[in-house]
file run-v8.cif (mmCIF, C-alpha atoms)
data_entry
#
loop_
_atom_site.label_atom_id
_atom_site.label_comp_id
_atom_site.auth_asym_id
_atom_site.auth_seq_id
_atom_site.Cartn_x
_atom_site.Cartn_y
_atom_site.Cartn_z
CA LYS A 246 0.00 0.00 0.00
CA LEU A 247 2.83 2.39 0.87
CA MET A 248 4.57 1.57 -2.42
CA HIS A 249 1.40 2.35 -4.40
CA ARG A 250 1.10 5.67 -2.59
CA HIS A 251 4.65 6.64 -3.53
CA ARG A 252 4.09 5.66 -7.15
CA PHE A 253 1.02 7.87 -7.13
CA ILE A 254 3.15 10.79 -5.90
CA PHE A 255 5.62 10.37 -8.76
CA SER A 256 2.76 10.17 -11.29
CA ALA A 257 1.21 13.27 -9.72
CA LEU A 258 4.54 15.12 -10.02
CA LEU A 259 4.68 14.39 -13.74
CA ALA A 260 1.07 15.50 -14.20
CA LEU A 261 1.75 18.62 -12.15
CA THR A 262 4.75 19.46 -14.30
CA VAL A 263 2.66 19.19 -17.46
CA GLY A 264 0.00 21.37 -15.83
CA ARG A 265 2.62 23.99 -14.95
CA TRP A 266 3.87 23.98 -18.53
CA ALA A 267 0.29 24.65 -19.65
CA LEU A 268 -0.07 27.42 -17.05
CA THR A 269 3.04 29.23 -18.30
CA CYS A 270 1.18 30.17 -21.48
CA THR A 271 -1.61 31.98 -19.61
CA LEU A 272 0.46 34.48 -17.57
CA ASP A 273 2.19 37.63 -18.75
CA LEU A 274 5.92 37.88 -18.25
CA ALA A 275 7.03 39.29 -14.91
CA PRO A 276 9.59 42.15 -14.88
CA VAL A 277 12.42 39.84 -13.82
CA GLU A 278 11.55 37.47 -16.68
CA ALA A 279 11.68 40.35 -19.15
CA LEU A 280 15.18 41.09 -17.87
CA ALA A 281 16.14 37.46 -18.48
CA VAL A 282 14.88 37.74 -22.06
CA GLU A 283 16.95 40.88 -22.57
CA ALA A 284 19.96 39.19 -20.99
CA GLY A 285 19.56 36.34 -23.48
CA ARG A 286 19.43 38.76 -26.40
CA HIS A 287 22.27 41.01 -25.24
CA SER A 288 25.04 38.99 -23.64
CA ASP A 289 27.21 42.13 -23.41
CA ARG A 290 25.06 43.63 -20.65
CA THR A 291 24.53 42.91 -16.98
CA TRP A 292 21.70 43.49 -14.53
CA ALA A 293 21.70 43.67 -10.75
CA GLU A 294 18.52 41.58 -10.43
CA ILE A 295 19.71 38.44 -12.23
CA GLY A 296 22.88 36.59 -13.09
CA PRO A 297 24.07 35.63 -16.57
CA LEU A 298 22.89 32.05 -16.15
CA MET A 299 19.26 33.22 -16.34
CA GLY A 300 19.87 34.82 -19.72
CA TRP A 301 21.60 31.69 -20.99
CA LEU A 302 18.71 29.46 -19.88
CA VAL A 303 16.14 31.70 -21.58
CA LYS A 304 18.27 31.89 -24.72
CA VAL A 305 18.40 28.08 -24.96
CA SER A 306 14.68 27.59 -24.31
CA THR A 307 13.53 30.33 -26.69
CA SER A 308 15.81 29.06 -29.46
CA VAL A 309 14.01 25.71 -29.26
CA PHE A 310 10.41 26.72 -28.41
CA GLY A 311 10.28 30.26 -29.75
CA GLU A 312 9.97 33.64 -28.03
CA SER A 313 6.70 32.99 -26.24
CA GLU A 314 5.71 32.71 -22.58
CA PHE A 315 6.14 28.95 -22.82
CA GLY A 316 9.51 29.30 -24.51
CA VAL A 317 10.78 31.72 -21.90
CA ARG A 318 9.53 29.66 -18.94
CA PHE A 319 10.22 26.15 -20.20
CA PHE A 320 12.91 25.43 -17.61
CA ALA A 321 10.88 26.65 -14.60
CA PRO A 322 8.54 23.60 -14.28
CA LEU A 323 11.45 21.31 -15.15
CA LEU A 324 13.58 22.75 -12.35
CA ALA A 325 10.60 22.39 -10.00
CA LEU A 326 10.36 18.70 -10.89
CA ILE A 327 14.09 18.30 -10.22
CA THR A 328 13.63 20.03 -6.85
CA SER A 329 10.80 17.68 -5.88
CA LEU A 330 12.82 14.59 -6.83
CA ALA A 331 15.88 15.92 -4.98
CA VAL A 332 13.77 16.48 -1.83
CA TRP A 333 12.43 12.93 -2.14
CA ARG A 334 15.90 11.39 -2.42
CA LEU A 335 17.36 13.57 0.35
CA VAL A 336 14.62 12.86 2.90
CA HIS A 337 14.33 9.19 1.91
CA GLU A 338 18.05 8.62 2.48
CA MET A 339 18.29 10.82 5.57
CA LEU A 340 15.02 9.87 7.31
CA ASP A 341 12.32 7.58 5.87
CA ARG A 342 9.93 7.13 2.95
CA GLN A 343 6.85 8.41 4.80
CA THR A 344 8.51 11.68 5.73
CA ALA A 345 9.85 11.99 2.18
CA ALA A 346 6.36 11.60 0.73
CA TRP A 347 4.86 14.27 2.98
CA SER A 348 7.79 16.61 2.36
CA VAL A 349 7.19 16.43 -1.40
CA VAL A 350 3.45 17.00 -0.98
CA MET A 351 3.97 20.02 1.29
CA LEU A 352 6.64 21.42 -1.01
CA ASN A 353 4.34 21.43 -4.02
CA VAL A 354 1.64 23.46 -2.29
CA LEU A 355 4.12 26.01 -0.95
CA PRO A 356 3.29 29.40 -2.56
CA ALA A 357 6.94 30.48 -2.86
CA PHE A 358 7.85 27.23 -4.58
CA ASN A 359 4.90 27.47 -6.97
CA LEU A 360 6.02 30.95 -8.01
CA SER A 361 9.43 29.58 -8.94
CA ALA A 362 7.80 26.59 -10.65
CA VAL A 363 5.88 28.78 -13.11
CA PHE A 364 7.97 31.97 -13.46
CA ILE A 365 11.56 31.55 -14.61
CA THR A 366 13.48 33.53 -12.00
CA PRO A 367 16.72 33.09 -10.02
CA GLY A 368 14.47 31.42 -7.45
CA SER A 369 13.83 28.58 -9.90
CA VAL A 370 17.55 27.81 -9.93
CA SER A 371 17.91 28.43 -6.19
CA PHE A 372 15.24 25.91 -5.17
CA ALA A 373 16.77 23.22 -7.38
CA GLY A 374 20.39 24.12 -6.62
CA TYR A 375 20.17 24.19 -2.82
CA THR A 376 18.14 20.99 -2.54
CA LEU A 377 20.44 19.14 -4.93
CA LEU A 378 23.45 20.44 -3.00
CA ALA A 379 22.02 19.26 0.33
CA TRP A 380 21.35 15.83 -1.17
CA GLN A 381 24.88 15.57 -2.60
CA VAL A 382 26.45 16.70 0.68
CA HIS A 383 24.47 14.06 2.57
CA ARG A 384 25.68 11.45 0.10
CA THR A 385 29.30 12.44 0.79
CA PHE A 386 28.70 11.65 4.46
CA ARG A 387 27.85 8.11 3.36
CA GLY A 388 31.06 7.69 1.36
CA ALA A 389 29.90 8.59 -2.16
CA GLY A 390 32.53 8.86 -4.90
CA TYR A 391 34.07 11.72 -6.82
CA ARG A 392 30.96 12.26 -8.97
CA THR A 393 29.15 13.54 -5.92
CA TRP A 394 31.86 16.11 -5.29
CA ILE A 395 31.70 17.25 -8.92
CA ALA A 396 27.91 17.57 -8.68
CA SER A 397 28.25 19.63 -5.48
CA ALA A 398 30.74 21.97 -7.13
CA LEU A 399 28.46 22.40 -10.16
CA CYS A 400 25.52 23.23 -7.88
CA VAL A 401 27.57 25.91 -6.12
CA ALA A 402 28.70 27.43 -9.42
CA ALA A 403 25.18 27.40 -10.91
CA LEU A 404 23.72 29.09 -7.84
CA ILE A 405 26.26 31.91 -7.91
CA TRP A 406 25.90 32.48 -11.65
CA ALA A 407 22.10 32.58 -11.37
CA ASP A 408 22.15 35.30 -8.69
CA TRP A 409 25.13 36.96 -7.00
CA ARG A 410 23.25 36.83 -3.68
CA ASN A 411 23.69 33.07 -3.76
CA ALA A 412 27.32 33.57 -2.79
CA VAL A 413 25.83 32.96 0.68
CA VAL A 414 25.81 29.29 -0.34
CA LEU A 415 29.38 29.05 0.95
CA LEU A 416 28.32 30.24 4.40
CA SER A 417 25.24 28.04 4.25
CA LEU A 418 27.34 24.99 3.40
CA PHE A 419 29.90 25.76 6.11
CA LEU A 420 27.22 26.16 8.79
CA GLY A 421 25.52 22.98 7.64
CA LEU A 422 28.76 21.06 8.10
CA LEU A 423 29.29 22.71 11.48
CA LEU A 424 25.93 21.57 12.85
CA SER A 425 26.17 18.10 11.33
CA GLY A 426 28.04 15.57 13.40
CA LYS A 427 29.54 13.78 10.39
CA GLY A 428 30.30 16.88 8.41
CA ARG A 429 32.84 18.43 10.74
CA SER A 430 35.41 15.76 9.94
CA HIS A 431 35.20 16.70 6.23
CA TRP A 432 36.33 20.30 6.52
CA LEU A 433 39.95 19.97 5.51
CA ARG A 434 39.58 17.18 2.96
CA TRP A 435 40.76 18.15 -0.48
CA ASN A 436 37.29 17.37 -1.88
CA TRP A 437 35.68 20.10 0.20
CA LEU A 438 38.52 22.47 -0.53
CA CYS A 439 37.87 21.93 -4.25
CA VAL A 440 34.17 22.74 -3.79
CA LEU A 441 35.13 25.87 -1.84
CA ALA A 442 37.62 26.83 -4.56
CA VAL A 443 34.93 26.45 -7.25
CA GLY A 444 32.65 28.72 -5.24
CA LEU A 445 35.31 31.39 -4.74
CA ILE A 446 36.36 31.24 -8.40
CA SER A 447 32.71 31.60 -9.42
CA VAL A 448 32.33 34.68 -7.23
CA LEU A 449 35.50 36.25 -8.67
CA ALA A 450 34.45 35.39 -12.22
CA TRP A 451 31.01 36.89 -11.58
CA VAL A 452 32.61 40.10 -10.28
CA ARG A 453 34.95 40.23 -13.29
CA TRP A 454 32.08 39.62 -15.71
CA SER A 455 29.95 42.33 -14.09
CA SER A 456 32.81 44.81 -14.15
CA ALA A 457 33.44 44.16 -17.82
CA HIS A 458 29.77 44.64 -18.78
CA GLY A 459 28.79 47.64 -16.66
CA TRP A 460 28.72 47.32 -12.87
CA LEU A 461 25.13 47.79 -11.67
CA LEU A 462 25.16 45.96 -8.33
CA GLY A 463 23.94 48.13 -5.49
CA TYR A 464 22.62 50.98 -7.65
CA GLY A 465 19.01 50.20 -6.75
CA GLY A 466 19.65 50.08 -3.00
CA ASP A 467 19.81 46.30 -2.97
CA TRP A 468 22.96 46.30 -0.82
CA SER A 469 21.04 47.80 2.10
CA PRO A 470 19.02 45.44 4.31
CA GLU A 471 15.39 46.21 5.08
CA TRP A 472 14.85 45.43 8.76
CA THR A 473 11.22 46.60 8.98
CA ILE A 474 9.81 43.63 10.87
CA ILE A 475 6.08 43.78 10.20
CA PRO A 476 6.25 44.15 6.37
CA ASN A 477 8.84 41.38 6.12
CA LEU A 478 6.76 39.05 8.27
CA PHE A 479 3.73 39.74 6.08
CA ARG A 480 5.86 38.90 3.06
CA TRP A 481 6.80 35.56 4.63
CA ILE A 482 3.15 34.85 5.42
CA LEU A 483 2.27 35.53 1.78
CA LEU A 484 5.08 33.33 0.46
CA VAL A 485 4.77 30.45 2.91
CA SER A 486 1.04 30.68 3.89
CA PRO A 487 -0.26 31.69 7.34
CA LEU A 488 -0.30 28.24 8.95
CA LEU A 489 3.04 27.06 7.60
CA SER A 490 4.94 30.29 8.32
CA GLY A 491 4.24 30.07 12.05
CA LEU A 492 4.91 26.34 12.20
CA LEU A 493 8.19 26.62 10.29
CA MET A 494 9.55 29.39 12.48
CA GLY A 495 8.50 27.42 15.55
CA GLU A 496 10.30 24.37 14.19
CA PHE A 497 13.49 26.42 13.73
CA PHE A 498 13.48 27.47 17.38
CA ALA A 499 12.61 23.97 18.61
CA LEU A 500 15.41 22.29 16.67
CA THR A 501 17.90 24.98 17.69
CA LYS A 502 17.10 24.31 21.36
CA GLU A 503 17.38 20.57 20.75
CA LEU A 504 20.81 20.93 19.15
CA ARG A 505 22.01 23.08 22.04
CA ARG A 506 20.82 20.45 24.51
CA ARG A 507 21.86 17.25 22.73
CA GLY A 508 24.66 18.41 20.49
CA VAL A 509 25.08 17.91 16.75
CA SER A 510 22.67 15.85 14.67
CA SER A 511 22.30 14.68 11.08
CA LEU A 512 19.39 17.14 10.84
CA GLY A 513 21.87 19.90 11.66
CA LEU A 514 22.82 19.89 7.97
CA LEU A 515 19.33 21.10 7.04
CA LEU A 516 19.15 23.65 9.86
CA GLY A 517 22.62 24.99 9.12
CA MET A 518 21.92 25.43 5.42
CA ALA A 519 18.55 27.08 6.11
CA LEU A 520 19.54 29.66 8.72
CA PRO A 521 21.72 31.95 6.53
CA LEU A 522 19.12 31.77 3.76
CA ALA A 523 16.34 32.75 6.17
CA VAL A 524 18.32 35.76 7.44
CA ILE A 525 19.16 36.90 3.89
CA ASP A 526 15.56 36.41 2.77
CA PHE A 527 14.20 38.36 5.74
CA ALA A 528 16.60 41.29 5.39
CA TRP A 529 17.07 41.53 1.62
CA GLY A 530 14.08 39.68 0.18
CA VAL A 531 12.13 42.92 -0.07
CA TRP A 532 14.48 44.06 -2.84
CA ARG A 533 13.70 41.11 -5.09
CA PRO A 534 11.54 41.94 -8.12
CA TRP A 535 8.26 40.14 -8.69
CA ALA A 536 7.96 37.15 -8.95
CA ASP A 537 11.35 36.06 -7.62
CA ALA A 538 11.21 34.36 -4.22
CA GLY A 539 14.66 32.80 -4.44
CA MET A 540 15.94 33.06 -0.89
CA ALA A 541 12.68 31.58 0.40
CA VAL A 542 14.33 28.24 -0.35
CA TRP A 543 14.99 28.10 3.42
CA SER A 544 11.34 27.04 3.72
CA VAL A 545 12.13 23.75 1.93
CA PHE A 546 14.55 22.66 4.65
CA ALA A 547 12.16 23.89 7.33
CA LEU A 548 9.35 21.86 5.74
CA ILE A 549 11.45 18.71 5.91
CA LEU A 550 12.19 19.31 9.60
CA LEU A 551 8.52 19.99 10.27
CA CYS A 552 7.37 16.81 8.51
CA HIS A 553 9.95 14.79 10.43
CA ARG A 554 8.77 16.15 13.78
CA ALA A 555 5.14 15.47 12.84
CA GLN A 556 6.02 11.84 12.06
CA GLN A 557 7.94 11.40 15.32
CA ASP A 558 5.51 13.17 17.63
CA GLY A 559 3.53 10.42 19.34
CA GLU A 560 1.51 12.79 21.51
CA ILE A 561 -0.56 13.97 18.55
CA THR A 562 -3.36 11.64 17.50
CA MET A 563 -3.62 10.44 13.90
CA ARG A 564 -6.93 12.26 13.51
CA SER A 565 -5.35 15.55 14.56
CA LYS A 566 -2.47 14.99 12.16
CA VAL A 567 -4.85 14.35 9.26
CA ILE A 568 -6.87 17.48 10.05
CA ALA A 569 -3.73 19.62 10.36
CA ARG A 570 -2.16 18.29 7.16
CA THR A 571 -5.39 18.70 5.19
CA SER A 572 -5.84 22.27 6.42
CA ILE A 573 -2.24 23.19 5.56
CA VAL A 574 -2.39 21.62 2.09
CA ILE A 575 -5.73 23.25 1.19
CA LEU A 576 -4.81 26.70 2.53
CA ALA A 577 -1.32 26.75 0.98
CA GLY A 578 -2.66 25.41 -2.32
CA LEU A 579 -5.37 28.08 -2.50
CA GLN A 580 -2.86 30.77 -1.62
CA SER A 581 -0.61 29.55 -4.45
CA LEU A 582 -3.50 29.93 -6.89
CA VAL A 583 -4.26 33.41 -5.57
CA LEU A 584 -0.63 34.48 -6.01
CA LEU A 585 -0.44 33.09 -9.53
CA ARG A 586 -3.83 34.21 -10.83
CA THR A 587 -4.50 37.56 -9.12
CA ASP A 588 -2.80 40.88 -8.39
CA ILE A 589 -2.99 40.41 -4.63
CA VAL A 590 0.61 41.55 -4.17
CA ARG A 591 -0.19 44.89 -5.79
CA ASP A 592 -3.58 45.18 -4.08
CA LEU A 593 -2.13 44.69 -0.60
CA GLY A 594 0.69 47.14 -1.31
CA LEU A 595 3.29 44.72 -0.02
CA PRO A 596 6.89 45.96 0.02
CA TRP A 597 7.75 44.00 -3.10
CA LEU A 598 9.35 46.31 -5.59
CA PHE A 599 7.80 46.35 -9.04
CA SER A 600 9.92 49.37 -9.94
CA GLN A 601 13.13 50.94 -8.76
CA ASP A 602 11.33 53.99 -7.33
CA ILE A 603 8.70 53.24 -4.71
CA SER A 604 7.50 55.42 -1.85
CA ASP A 605 5.90 54.62 1.48
CA ALA A 606 2.61 55.86 0.05
CA LYS A 607 2.58 52.81 -2.24
CA THR A 608 3.05 50.26 0.52
CA TYR A 609 1.03 49.44 3.61
CA ARG A 610 3.84 50.85 5.75
CA ARG A 611 1.88 54.09 5.41
CA PHE A 612 -0.43 52.68 8.12
CA LEU A 613 2.54 52.45 10.49
CA LYS A 614 4.16 55.82 9.90
CA ALA A 615 1.71 57.95 7.96
CA ASP A 616 1.73 61.72 8.25
CA PRO A 617 -1.85 62.95 8.80
CA THR A 618 -1.01 66.31 7.23
CA GLY A 619 -0.01 64.60 3.99
CA ALA A 620 -3.63 64.38 2.90
CA MET A 621 -4.22 68.14 3.30
#
call {"tool": "encode", "arguments": {"input": "run-v8.cif", "output": "structure tokens"}}
result
Amino acid sequence: KLMHRHRFIFSALLALTVGRWALTCTLDLAPVEALAVEAGRHSDRTWAEIGPLMGWLVKVSTSVFGESEFGVRFFAPLLALITSLAVWRLVHEMLDRQTAAWSVVMLNVLPAFNLSAVFITPGSVSFAGYTLLAWQVHRTFRGAGYRTWIASALCVAALIWADWRNAVVLLSLFLGLLLSGKGRSHWLRWNWLCVLAVGLISVLAWVRWSSAHGWLLGYGGDWSPEWTIIPNLFRWILLVSPLLSGLLMGEFFALTKELRRRGVSSLGLLLGMALPLAVIDFAWGVWRPWADAGMAVWSVFALILLCHRAQQDGEITMRSKVIARTSIVILAGLQSLVLLRTDIVRDLGLPWLFSQDISDAKTYRRFLKADPTGAM
């Protein structure tokens, strides 16, 4: 029975991928996608919002399928399928098949993930790259061969070339090794040093490429963090859904306390990789153009931890688990549809920049620091 359920999940993933391909034809291009198209046409230019890899992906897909919405976004559903399969393999090898199945289900109703699964953005590469990297790193703990190290290095390079902000992958990887009991013995092995060298070379090459094609990084204010707590929390609620956002943050704190009490754990790899991404997403996510939710990839690792705790918690009855899971899936799925098919982000005035010039009057922060005399 369990085997049939898992086969159904794989069949559903294929059907979902086809459905996402069909959906790509019904939505107008987002601003960040238009930049990717321009990057594919003009390889001698650079943009602060995306890396050169996005332009190369769009150039390949449009040369095969034509310059249409489907042609531009062809790789987005494909990368989402790769992410789902990578999450399955990672959780199956690290934990168990039941937790893997629920992690894949929860992932595919996550609003942030569904944005990256339909719109071709740096987030599409980030979701696939970080999950593949976590899977490959876990395989190295189990004695995998040199191909795993090569795959890890390629993931690091692809992440950095998709978005310069993904240079945080080096910190994320280091912290994941620090909190993982098996990983700390790998630090000074030449394999890890090679992966680190690939990451540093990619960063330097990215800087050199940007300098040669017009340095635009930081011109739009994207170097400065946005620490306004309430708008950023609302953004997380919109990207992760109300129920999941609270549960995921609670799971972070719970696992952090557990690690402090019991020491390192194999789950420390997931927590360590997620923490830097969550901080970056909270502080700098507001600068990302619609519909890029790249740094929200931290929610994937948090989902895995949450599903694992739900499976292990014997104090919760099966009936309560079924009700909670059904509520989360339905609410997150509906919120994904709302994000994809409506202008709710514009209507709510969330601090998600559609243009380089935006004032407080265009965001709901006006309710927190409005000047009453401004209407006179």
call {"tool": "closest_residue", "arguments": {"input": "run-v8.cif", "among": "A:Ala373, A:Leu416, A:Met351, A:Leu514", "to": "A:Ala331", "atoms": "all atoms listed in the file"}}
result
A:Ala373
call {"tool": "atom_distance", "arguments": {"input": "run-v8.cif", "atom1": "atom CA of A:Arg554", "atom2": "atom CA of A:Leu516"}}
result
13.4 Å
call {"tool": "residues_around", "arguments": {"input": "run-v8.cif", "residues": "stretch 306-318 of chain A", "least_positions_apart": "3", "cutoff": "6 Å", "atoms": "all atoms listed in the file", "output": "PyMOL selection string"}}
result
chain A and resi 269-270+303+321+365
call {"tool": "closest_residue", "arguments": {"input": "run-v8.cif", "among": "A:Ala257, A:Trp266, A:Asp408, A:Gly374", "to": "A:Gly300", "atoms": "only C-alpha atoms"}}
result
A:Asp408
call {"tool": "atom_distance", "arguments": {"input": "run-v8.cif", "atom1": "atom CA of A:Val524", "atom2": "atom CA of A:Ser348"}}
result
22.4 Å
call {"tool": "closest_residue", "arguments": {"input": "run-v8.cif", "among": "A:Pro534, A:Gly296, A:Gly285, A:Gly513", "to": "A:His383", "atoms": "all atoms listed in the file"}}
result
A:Gly513
call {"tool": "closest_residue", "arguments": {"input": "run-v8.cif", "among": "A:Phe253, A:Trp380, A:Tyr375, A:Trp451", "to": "A:Met540", "atoms": "all atoms listed in the file"}}
result
A:Tyr375
call {"tool": "atom_distance", "arguments": {"input": "run-v8.cif", "atom1": "atom CA of A:Ala528", "atom2": "atom CA of A:Trp543"}}
result
13.4 Å
call {"tool": "closest_residue", "arguments": {"input": "run-v8.cif", "among": "A:Val440, A:Val363, A:Ile327, A:Ala457", "to": "A:Leu274", "atoms": "all atoms listed in the file"}}
result
A:Val363
call {"tool": "closest_residue", "arguments": {"input": "run-v8.cif", "among": "A:Leu483, A:Thr376, A:Val413, A:Leu515", "to": "A:Ser425", "atoms": "only C-alpha atoms"}}
result
A:Leu515
call {"tool": "residues_around", "arguments": {"input": "run-v8.cif", "residues": "stretch 332-343 of chain A", "least_positions_apart": "4", "cutoff": "10 Å", "atoms": "all atoms listed in the file", "output": "ChimeraX atom specification"}}
result
/A:247-248,250-251,255,326-328,347-350,352,373,376-384,387,511-512,545-546,549-550,552-553,556
call {"tool": "resolve_selection", "arguments": {"input": "run-v8.cif", "expression": "the PyMOL selection byres ((chain A and resi 364) around 12)", "output": "VMD selection string"}}
result
chain A and resid 265 to 266 268 to 279 281 299 303 314 to 325 357 to 363 365 to 370 534 to 539 584 to 585
call {"tool": "resolve_selection", "arguments": {"input": "run-v8.cif", "expression": "the PyMOL selection byres ((chain A and resi 409) around 9)", "output": "count of residues only"}}
result
16
call {"tool": "resolve_selection", "arguments": {"input": "run-v8.cif", "expression": "the PyMOL selection byres ((chain A and resi 391-394) around 9)", "output": "PyMOL selection string"}}
result
chain A and resi 381-382+384-385+389-390+395-399+436-437+439-440
